[in-house]
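entry37.pdb follows; it contains PDB, C-alpha atoms.
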```
ATOM      1  CA  MET A  14     -34.195 -26.160 -35.390
ATOM      2  CA  GLN A  15     -32.333 -28.356 -32.925
ATOM      3  CA  ASP A  16     -28.550 -28.778 -32.595
ATOM      4  CA  ALA A  17     -27.508 -27.520 -36.034
ATOM      5  CA  PRO A  18     -23.723 -27.436 -36.591
ATOM      6  CA  ALA A  19     -22.713 -23.777 -36.869
ATOM      7  CA  TYR A  20     -20.058 -21.140 -36.242
ATOM      8  CA  ILE A  21     -20.477 -17.633 -34.857
ATOM      9  CA  LEU A  22     -19.195 -15.075 -37.377
ATOM     10  CA  HIS A  23     -20.048 -11.877 -35.508
ATOM     11  CA  SER A  24     -22.103 -10.656 -32.576
ATOM     12  CA  THR A  25     -23.338  -7.262 -31.456
ATOM     13  CA  ALA A  26     -24.970  -6.072 -28.259
ATOM     14  CA  TRP A  27     -28.735  -5.811 -28.338
ATOM     15  CA  LYS A  28     -30.607  -4.238 -25.460
ATOM     16  CA  GLU A  29     -29.081  -4.613 -21.989
ATOM     17  CA  THR A  30     -28.483  -8.338 -21.737
ATOM     18  CA  SER A  31     -28.825  -9.804 -25.232
ATOM     19  CA  LEU A  32     -26.771 -10.266 -28.387
ATOM     20  CA  VAL A  33     -27.620 -10.413 -32.070
ATOM     21  CA  VAL A  34     -25.450 -13.169 -33.452
ATOM     22  CA  GLN A  35     -24.549 -13.752 -37.095
ATOM     23  CA  ALA A  36     -24.055 -17.512 -37.424
ATOM     24  CA  PHE A  37     -23.033 -19.724 -40.334
ATOM     25  CA  SER A  38     -24.778 -23.093 -40.366
ATOM     26  CA  ARG A  39     -23.976 -25.990 -42.669
ATOM     27  CA  GLU A  40     -27.617 -26.723 -43.504
ATOM     28  CA  HIS A  41     -29.149 -23.253 -43.129
ATOM     29  CA  GLY A  42     -26.484 -20.831 -44.308
ATOM     30  CA  LEU A  43     -26.036 -17.375 -42.807
ATOM     31  CA  LEU A  44     -28.460 -16.660 -39.954
ATOM     32  CA  ALA A  45     -29.250 -13.793 -37.605
ATOM     33  CA  LEU A  46     -30.131 -15.014 -34.124
ATOM     34  CA  VAL A  47     -31.064 -13.168 -30.951
ATOM     35  CA  ALA A  48     -29.342 -14.687 -27.935
ATOM     36  CA  LYS A  49     -31.563 -13.387 -25.133
ATOM     37  CA  GLY A  50     -29.761 -12.860 -21.842
ATOM     38  CA  ALA A  51     -26.394 -13.973 -23.274
ATOM     39  CA  LYS A  52     -24.559 -11.029 -21.652
ATOM     40  CA  ARG A  53     -25.754 -11.928 -18.156
ATOM     41  CA  PRO A  54     -22.951 -13.236 -15.895
ATOM     42  CA  HIS A  55     -24.613 -16.618 -15.285
ATOM     43  CA  SER A  56     -25.988 -17.179 -18.791
ATOM     44  CA  GLN A  57     -25.395 -20.650 -20.213
ATOM     45  CA  LEU A  58     -24.853 -19.046 -23.635
ATOM     46  CA  ARG A  59     -22.211 -16.545 -22.537
ATOM     47  CA  PRO A  60     -19.180 -18.902 -22.526
ATOM     48  CA  VAL A  61     -20.333 -20.751 -25.649
ATOM     49  CA  LEU A  62     -20.845 -17.934 -28.163
ATOM     50  CA  SER A  63     -17.254 -17.549 -29.315
ATOM     51  CA  ALA A  64     -16.109 -16.983 -32.877
ATOM     52  CA  PHE A  65     -14.191 -19.747 -34.697
ATOM     53  CA  GLN A  66     -15.413 -22.538 -32.417
ATOM     54  CA  PRO A  67     -17.714 -25.309 -33.687
ATOM     55  CA  LEU A  68     -21.121 -25.147 -32.032
ATOM     56  CA  LEU A  69     -24.449 -26.900 -31.981
ATOM     57  CA  LEU A  70     -27.145 -24.208 -32.070
ATOM     58  CA  SER A  71     -30.904 -24.434 -31.639
ATOM     59  CA  TRP A  72     -33.399 -21.703 -32.522
ATOM     60  CA  THR A  73     -37.061 -20.939 -33.192
ATOM     61  CA  GLY A  74     -38.891 -18.427 -35.333
ATOM     62  CA  ALA A  75     -39.889 -17.773 -38.908
ATOM     63  CA  ALA A  76     -38.819 -14.116 -39.145
ATOM     64  CA  GLU A  77     -35.490 -12.974 -40.571
ATOM     65  CA  VAL A  78     -34.039 -12.746 -37.042
ATOM     66  CA  LYS A  79     -34.683 -15.936 -35.097
ATOM     67  CA  THR A  80     -34.460 -16.595 -31.358
ATOM     68  CA  MET A  81     -31.619 -18.799 -30.158
ATOM     69  CA  THR A  82     -32.880 -21.343 -27.645
ATOM     70  CA  HIS A  83     -29.727 -23.343 -26.948
ATOM     71  CA  GLY A  84     -26.053 -23.480 -27.809
ATOM     72  CA  GLU A  85     -23.231 -25.809 -26.884
ATOM     73  CA  ALA A  86     -19.598 -26.254 -27.841
ATOM     74  CA  ALA A  87     -18.824 -29.025 -30.333
ATOM     75  CA  GLY A  88     -15.022 -28.841 -30.238
ATOM     76  CA  ILE A  89     -12.153 -26.375 -30.003
ATOM     77  CA  ARG A  90     -10.137 -24.568 -32.683
ATOM     78  CA  PRO A  91      -7.131 -23.138 -30.756
ATOM     79  CA  LEU A  92      -6.065 -20.230 -32.964
ATOM     80  CA  GLN A  93      -2.873 -18.332 -32.180
ATOM     81  CA  GLY A  94      -0.983 -15.325 -33.506
ATOM     82  CA  THR A  95      -1.775 -14.161 -37.030
ATOM     83  CA  ALA A  96      -4.211 -17.061 -37.481
ATOM     84  CA  TRP A  97      -6.765 -14.896 -35.649
ATOM     85  CA  MET A  98      -6.635 -12.208 -38.331
ATOM     86  CA  SER A  99      -6.899 -14.792 -41.107
ATOM     87  CA  ALA A 100      -9.960 -16.286 -39.419
ATOM     88  CA  TRP A 101     -11.568 -12.822 -39.098
ATOM     89  CA  TYR A 102     -10.920 -12.375 -42.832
ATOM     90  CA  LEU A 103     -12.853 -15.604 -43.551
ATOM     91  CA  ASN A 104     -15.748 -14.342 -41.417
ATOM     92  CA  GLU A 105     -15.816 -10.976 -43.148
ATOM     93  CA  LEU A 106     -15.943 -12.654 -46.567
ATOM     94  CA  LEU A 107     -18.881 -14.811 -45.504
ATOM     95  CA  LEU A 108     -20.770 -11.876 -44.008
ATOM     96  CA  ARG A 109     -20.245  -9.723 -47.091
ATOM     97  CA  MET A 110     -20.852 -12.308 -49.795
ATOM     98  CA  LEU A 111     -23.588 -14.666 -48.617
ATOM     99  CA  PRO A 112     -27.313 -14.003 -48.688
ATOM    100  CA  ARG A 113     -29.328 -14.974 -45.609
ATOM    101  CA  GLU A 114     -30.531 -18.532 -45.175
ATOM    102  CA  ASP A 115     -28.928 -19.872 -48.344
ATOM    103  CA  PRO A 116     -27.217 -23.166 -47.415
ATOM    104  CA  HIS A 117     -23.752 -23.886 -48.782
ATOM    105  CA  PRO A 118     -22.562 -27.202 -47.297
ATOM    106  CA  ALA A 119     -19.391 -27.251 -49.438
ATOM    107  CA  LEU A 120     -18.512 -23.733 -48.291
ATOM    108  CA  TYR A 121     -19.205 -24.651 -44.663
ATOM    109  CA  ASP A 122     -16.823 -27.599 -45.042
ATOM    110  CA  ALA A 123     -14.214 -25.310 -46.634
ATOM    111  CA  TYR A 124     -14.581 -22.855 -43.732
ATOM    112  CA  GLU A 125     -14.120 -25.656 -41.229
ATOM    113  CA  TYR A 126     -11.078 -26.968 -43.134
ATOM    114  CA  ALA A 127      -9.552 -23.467 -43.177
ATOM    115  CA  LEU A 128     -10.042 -23.069 -39.419
ATOM    116  CA  LEU A 129      -8.491 -26.493 -38.788
ATOM    117  CA  SER A 130      -5.520 -25.554 -40.996
ATOM    118  CA  LEU A 131      -5.075 -22.235 -39.193
ATOM    119  CA  ALA A 132      -5.334 -23.929 -35.773
ATOM    120  CA  ALA A 133      -2.718 -26.505 -36.857
ATOM    121  CA  GLY A 134      -0.292 -23.716 -37.733
ATOM    122  CA  LEU A 135      -0.206 -24.553 -41.460
ATOM    123  CA  ARG A 136       0.560 -21.855 -44.045
ATOM    124  CA  PRO A 137      -2.340 -19.387 -43.814
ATOM    125  CA  ALA A 138      -2.035 -18.345 -47.470
ATOM    126  CA  ALA A 139      -2.855 -21.832 -48.755
ATOM    127  CA  ALA A 140      -5.891 -22.149 -46.457
ATOM    128  CA  LEU A 141      -7.150 -18.678 -47.415
ATOM    129  CA  ARG A 142      -6.747 -19.206 -51.178
ATOM    130  CA  ARG A 143      -8.552 -22.548 -51.002
ATOM    131  CA  PHE A 144     -11.427 -20.951 -49.072
ATOM    132  CA  GLU A 145     -11.626 -17.971 -51.482
ATOM    133  CA  TRP A 146     -11.674 -20.362 -54.456
ATOM    134  CA  ILE A 147     -14.582 -22.374 -53.036
ATOM    135  CA  LEU A 148     -16.451 -19.227 -51.909
ATOM    136  CA  LEU A 149     -16.295 -17.802 -55.426
ATOM    137  CA  HIS A 150     -17.450 -21.100 -56.950
ATOM    138  CA  GLU A 151     -20.353 -21.345 -54.506
ATOM    139  CA  ASN A 152     -21.463 -17.809 -55.452
ATOM    140  CA  GLY A 153     -21.190 -18.355 -59.195
ATOM    141  CA  TYR A 154     -18.041 -16.249 -59.631
ATOM    142  CA  GLY A 155     -15.615 -19.139 -59.881
ATOM    143  CA  VAL A 156     -12.729 -19.682 -62.211
ATOM    144  CA  ASP A 157     -13.371 -22.185 -65.041
ATOM    145  CA  GLU A 158     -10.364 -24.312 -64.262
ATOM    146  CA  ALA A 159      -9.597 -27.348 -62.152
ATOM    147  CA  MET A 160      -8.846 -26.598 -58.503
ATOM    148  CA  PRO A 161      -5.110 -25.813 -58.242
ATOM    149  CA  ASP A 162      -2.573 -27.042 -55.709
ATOM    150  CA  PHE A 163      -2.899 -24.302 -53.098
ATOM    151  CA  GLY A 164       0.301 -25.432 -51.386
ATOM    152  CA  ASP A 165       2.469 -24.853 -54.484
ATOM    153  CA  PRO A 166       4.541 -21.696 -53.819
ATOM    154  CA  ALA A 167       5.150 -21.203 -57.554
ATOM    155  CA  LEU A 168       1.409 -20.759 -58.168
ATOM    156  CA  ALA A 169       0.786 -18.552 -55.128
ATOM    157  CA  PRO A 170       1.341 -15.040 -56.631
ATOM    158  CA  GLN A 171      -0.761 -15.659 -59.751
ATOM    159  CA  LEU A 172      -3.499 -17.424 -57.782
ATOM    160  CA  ARG A 173      -3.613 -14.658 -55.188
ATOM    161  CA  GLN A 174      -3.970 -11.986 -57.890
ATOM    162  CA  GLN A 175      -6.618 -13.941 -59.786
ATOM    163  CA  LEU A 176      -8.732 -14.518 -56.679
ATOM    164  CA  ARG A 177      -8.304 -10.935 -55.458
ATOM    165  CA  GLU A 178      -9.608  -9.570 -58.769
ATOM    166  CA  ARG A 179     -12.653 -11.873 -58.683
ATOM    167  CA  LEU A 180     -13.423 -10.978 -55.064
ATOM    168  CA  GLU A 181     -13.145  -7.250 -55.794
ATOM    169  CA  GLN A 182     -15.572  -7.627 -58.713
ATOM    170  CA  HIS A 183     -18.084  -9.344 -56.447
ATOM    171  CA  LEU A 184     -17.631  -6.850 -53.607
ATOM    172  CA  SER A 185     -18.130  -3.903 -56.004
ATOM    173  CA  GLY A 186     -15.099  -1.966 -54.782
ATOM    174  CA  ARG A 187     -15.967  -2.166 -51.066
ATOM    175  CA  GLU A 188     -12.631  -2.875 -49.400
ATOM    176  CA  LEU A 189     -12.429  -5.587 -46.772
ATOM    177  CA  ALA A 190     -11.110  -4.244 -43.472
ATOM    178  CA  THR A 191      -9.421  -7.521 -42.594
ATOM    179  CA  ARG A 192      -7.623  -7.749 -45.947
ATOM    180  CA  LYS A 193      -5.958  -4.381 -45.319
ATOM    181  CA  VAL A 194      -4.783  -5.514 -41.872
ATOM    182  CA  LEU A 195      -3.524  -8.847 -43.259
ATOM    183  CA  MET A 196      -1.546  -7.056 -45.974
ATOM    184  CA  ASP A 197      -0.005  -4.750 -43.365
ATOM    185  CA  LEU A 198       0.944  -7.746 -41.224
ATOM    186  CA  GLN A 199       2.592  -9.452 -44.202
ATOM    187  CA  ARG A 200       4.682  -6.345 -44.909
ATOM    188  CA  LEU A 201       5.827  -6.257 -41.281
ATOM    189  CA  GLY A 202       6.531  -9.996 -41.048
TER     190      GLY A 202
END
```
Please, can you express the file's structure as structure tokens?
Amino acid sequence: MQDAPAYILHSTAWKETSLVVQAFSREHGLLALVAKGAKRPHSQLRPVLSAFQPLLLSWTGAAEVKTMTHGEAAGIRPLQGTAWMSAWYLNELLLRMLPREDPHPALYDAYEYALLSLAAGLRPAAALRRFEWILLHENGYGVDEAMPDFGDPALAPQLRQQLRERLEQHLSGRELATRKVLMDLQRLG
């Protein structure tokens, strides 16, 4: 695959100089990629493999874990403050709820829209509810209603509760770490 639009959701060290990267691609879904040598000081991949930034990724391989051959930045999403935690929440949802290599172009677009909203400093709650709504629909757990106005403060409490219940059903009681932190931040703020 050459220059596929994607985002890095998570990365972990692998061996001395490499990373295993969990990426979300518009046309290929959730992928595991080995970025060989990415931890080396002069690696071309090292400055590129950042979460929440649009990338163009290339890889080879037919196994479940592919080998990344190239990566380059395709823009900047300048997140600040609590937007970081909201973005980590989006990533955790994707990692927990999507099967490997199952493309979801509408969900990719919703993820990108949420990151743009967070980077613009818009209300995080509206961006998160919209993303949750589309994620549930893409996974077959959606609500059988028309998409609501996520910016309407009067609908926010009911919508939040409805989406939380659906997400918890799908996650089978496994609590999201980022949701707990977000709730704590809301109580403090």
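Of the residues listed (A:Leu43, A:Ala86, A:Leu68, A:Leu62), A:Leu43 shows the shortest atom-to-atom separation from His117 in chain A; distances use all atoms listed in the file.
Distance check against Leu176 in chain A using only C-alpha atoms: of A:Leu149, A:Glu158, A:Arg200, A:Ser71, the minimum falls on A:Leu149.
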Residue nearest Glu188 in chain A - candidates A:Leu92, A:Ala167, A:Ile21, A:Leu106, atoms counted: all atoms listed in the file:
A:Leu106
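A straight line drawn from CA of Asp197 in chain A to CA of Arg177 in chain A is 15.9 Å long.
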Atom pair CA of Asp115 in chain A + CA of Phe65 in chain A, distance 20.1 Å
Could you tell me, as a list in words, exactly which residues end up selected when the PyMOL selection byres ((chain A and resi 120-135) around 6) is applied to this structure?
Arg39, Arg90, Pro91, Leu92, Ala96, His117, Pro118, Ala119, Arg136, Ala140 and Phe144 of chain A
Please indicate the distance in Å from CA of Lys52 in chain A to CA of Leu189 in chain A, rounded to one decimal place.
28.4 Å
Assuming 3 Å of padding per side, give the centre and edge lengths of the axis-aligned box around every listed atom of range 75-87 of chain A, in Å to one decimal and as JSON.
```
{"center_x": -29.4, "center_y": -20.9, "center_z": -33.7, "size_x": 27.1, "size_y": 22.3, "size_z": 19.7}
```
Using the chain letters and numbers from the file, give me the residues hit by the PyMOL selection byres ((chain A and resi 24) around 12), as number ranges by chain.
A: 20-23, 25-27, 31-37, 44-48, 51-52, 59, 62-64, 104, 108
Using the chain letters and numbers from the file, give me the residues hit by the PyMOL selection byres ((chain A and resi 99) around 8), as number ranges by chain.
A: 95-98, 100-103, 131, 137, 141, 191, 195
Name all residues at most 12 Å from Gln175 in chain A (count all atoms listed in the file; drop same-chain ones fewer than 3 positions away) and give them as a PyMOL selection string.
chain A and resi 142+145-146+149+154-158+168-172+178-182
Fix up range 135-156 of chain A with N, CA, C and O atoms, then write it as an mmCIF file, in the coordinates of the input.
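Result saved to result.cif:
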```cif
data_model
loop_
_atom_site.group_PDB
_atom_site.id
_atom_site.type_symbol
_atom_site.label_atom_id
_atom_site.label_comp_id
_atom_site.auth_asym_id
_atom_site.auth_seq_id
_atom_site.Cartn_x
_atom_site.Cartn_y
_atom_site.Cartn_z
ATOM 1 N N LEU A 135 -0.615 -24.399 -40.060
ATOM 2 C CA LEU A 135 -0.206 -24.553 -41.460
ATOM 3 C C LEU A 135 -0.157 -23.180 -42.128
ATOM 4 O O LEU A 135 -0.670 -22.197 -41.608
ATOM 5 N N ARG A 136 0.451 -23.120 -43.317
ATOM 6 C CA ARG A 136 0.560 -21.855 -44.045
ATOM 7 C C ARG A 136 -0.811 -21.212 -44.235
ATOM 8 O O ARG A 136 -1.666 -21.782 -44.905
ATOM 9 N N PRO A 137 -1.021 -20.034 -43.673
ATOM 10 C CA PRO A 137 -2.340 -19.387 -43.814
ATOM 11 C C PRO A 137 -2.699 -19.097 -45.266
ATOM 12 O O PRO A 137 -3.862 -19.219 -45.640
ATOM 13 N N ALA A 138 -1.736 -18.730 -46.086
ATOM 14 C CA ALA A 138 -2.035 -18.345 -47.470
ATOM 15 C C ALA A 138 -2.727 -19.479 -48.226
ATOM 16 O O ALA A 138 -3.693 -19.249 -48.953
ATOM 17 N N ALA A 139 -2.247 -20.698 -48.051
ATOM 18 C CA ALA A 139 -2.855 -21.832 -48.755
ATOM 19 C C ALA A 139 -4.296 -22.047 -48.293
ATOM 20 O O ALA A 139 -5.192 -22.264 -49.111
ATOM 21 N N ALA A 140 -4.536 -21.967 -46.994
ATOM 22 C CA ALA A 140 -5.891 -22.149 -46.457
ATOM 23 C C ALA A 140 -6.821 -21.035 -46.948
ATOM 24 O O ALA A 140 -7.971 -21.298 -47.310
ATOM 25 N N LEU A 141 -6.328 -19.806 -46.972
ATOM 26 C CA LEU A 141 -7.150 -18.678 -47.415
ATOM 27 C C LEU A 141 -7.479 -18.764 -48.898
ATOM 28 O O LEU A 141 -8.617 -18.521 -49.305
ATOM 29 N N ARG A 142 -6.485 -19.105 -49.733
ATOM 30 C CA ARG A 142 -6.747 -19.206 -51.178
ATOM 31 C C ARG A 142 -7.744 -20.318 -51.479
ATOM 32 O O ARG A 142 -8.622 -20.165 -52.320
ATOM 33 N N ARG A 143 -7.613 -21.434 -50.794
ATOM 34 C CA ARG A 143 -8.552 -22.548 -51.002
ATOM 35 C C ARG A 143 -9.969 -22.099 -50.634
ATOM 36 O O ARG A 143 -10.919 -22.360 -51.372
ATOM 37 N N PHE A 144 -10.111 -21.427 -49.501
ATOM 38 C CA PHE A 144 -11.427 -20.951 -49.072
ATOM 39 C C PHE A 144 -11.986 -19.938 -50.078
ATOM 40 O O PHE A 144 -13.161 -20.013 -50.453
ATOM 41 N N GLU A 145 -11.173 -18.974 -50.509
ATOM 42 C CA GLU A 145 -11.626 -17.971 -51.482
ATOM 43 C C GLU A 145 -12.101 -18.653 -52.769
ATOM 44 O O GLU A 145 -13.133 -18.265 -53.338
ATOM 45 N N TRP A 146 -11.339 -19.636 -53.228
ATOM 46 C CA TRP A 146 -11.674 -20.362 -54.456
ATOM 47 C C TRP A 146 -13.067 -20.989 -54.336
ATOM 48 O O TRP A 146 -13.914 -20.836 -55.214
ATOM 49 N N ILE A 147 -13.296 -21.693 -53.236
ATOM 50 C CA ILE A 147 -14.582 -22.374 -53.036
ATOM 51 C C ILE A 147 -15.701 -21.360 -52.831
ATOM 52 O O ILE A 147 -16.809 -21.530 -53.364
ATOM 53 N N LEU A 148 -15.445 -20.278 -52.102
ATOM 54 C CA LEU A 148 -16.451 -19.227 -51.909
ATOM 55 C C LEU A 148 -16.894 -18.650 -53.252
ATOM 56 O O LEU A 148 -18.088 -18.485 -53.507
ATOM 57 N N LEU A 149 -15.953 -18.350 -54.114
ATOM 58 C CA LEU A 149 -16.295 -17.802 -55.426
ATOM 59 C C LEU A 149 -17.093 -18.807 -56.256
ATOM 60 O O LEU A 149 -18.074 -18.442 -56.917
ATOM 61 N N HIS A 150 -16.700 -20.082 -56.215
ATOM 62 C CA HIS A 150 -17.450 -21.100 -56.950
ATOM 63 C C HIS A 150 -18.871 -21.237 -56.414
ATOM 64 O O HIS A 150 -19.812 -21.360 -57.200
ATOM 65 N N GLU A 151 -19.031 -21.210 -55.118
ATOM 66 C CA GLU A 151 -20.353 -21.345 -54.506
ATOM 67 C C GLU A 151 -21.259 -20.159 -54.848
ATOM 68 O O GLU A 151 -22.482 -20.299 -54.844
ATOM 69 N N ASN A 152 -20.684 -19.008 -55.124
ATOM 70 C CA ASN A 152 -21.463 -17.809 -55.452
ATOM 71 C C ASN A 152 -21.598 -17.574 -56.952
ATOM 72 O O ASN A 152 -22.126 -16.557 -57.368
ATOM 73 N N GLY A 153 -21.080 -18.489 -57.749
ATOM 74 C CA GLY A 153 -21.190 -18.355 -59.195
ATOM 75 C C GLY A 153 -20.157 -17.441 -59.826
ATOM 76 O O GLY A 153 -20.301 -17.048 -60.978
ATOM 77 N N TYR A 154 -19.098 -17.105 -59.105
ATOM 78 C CA TYR A 154 -18.041 -16.249 -59.631
ATOM 79 C C TYR A 154 -16.731 -17.008 -59.783
ATOM 80 O O TYR A 154 -15.665 -16.417 -59.812
ATOM 81 N N GLY A 155 -16.809 -18.311 -59.863
ATOM 82 C CA GLY A 155 -15.615 -19.139 -59.881
ATOM 83 C C GLY A 155 -14.815 -19.047 -61.156
ATOM 84 O O GLY A 155 -15.249 -18.510 -62.176
ATOM 85 N N VAL A 156 -13.641 -19.607 -61.079
ATOM 86 C CA VAL A 156 -12.729 -19.682 -62.211
ATOM 87 C C VAL A 156 -13.013 -21.004 -62.926
ATOM 88 O O VAL A 156 -13.185 -22.033 -62.288
#
```
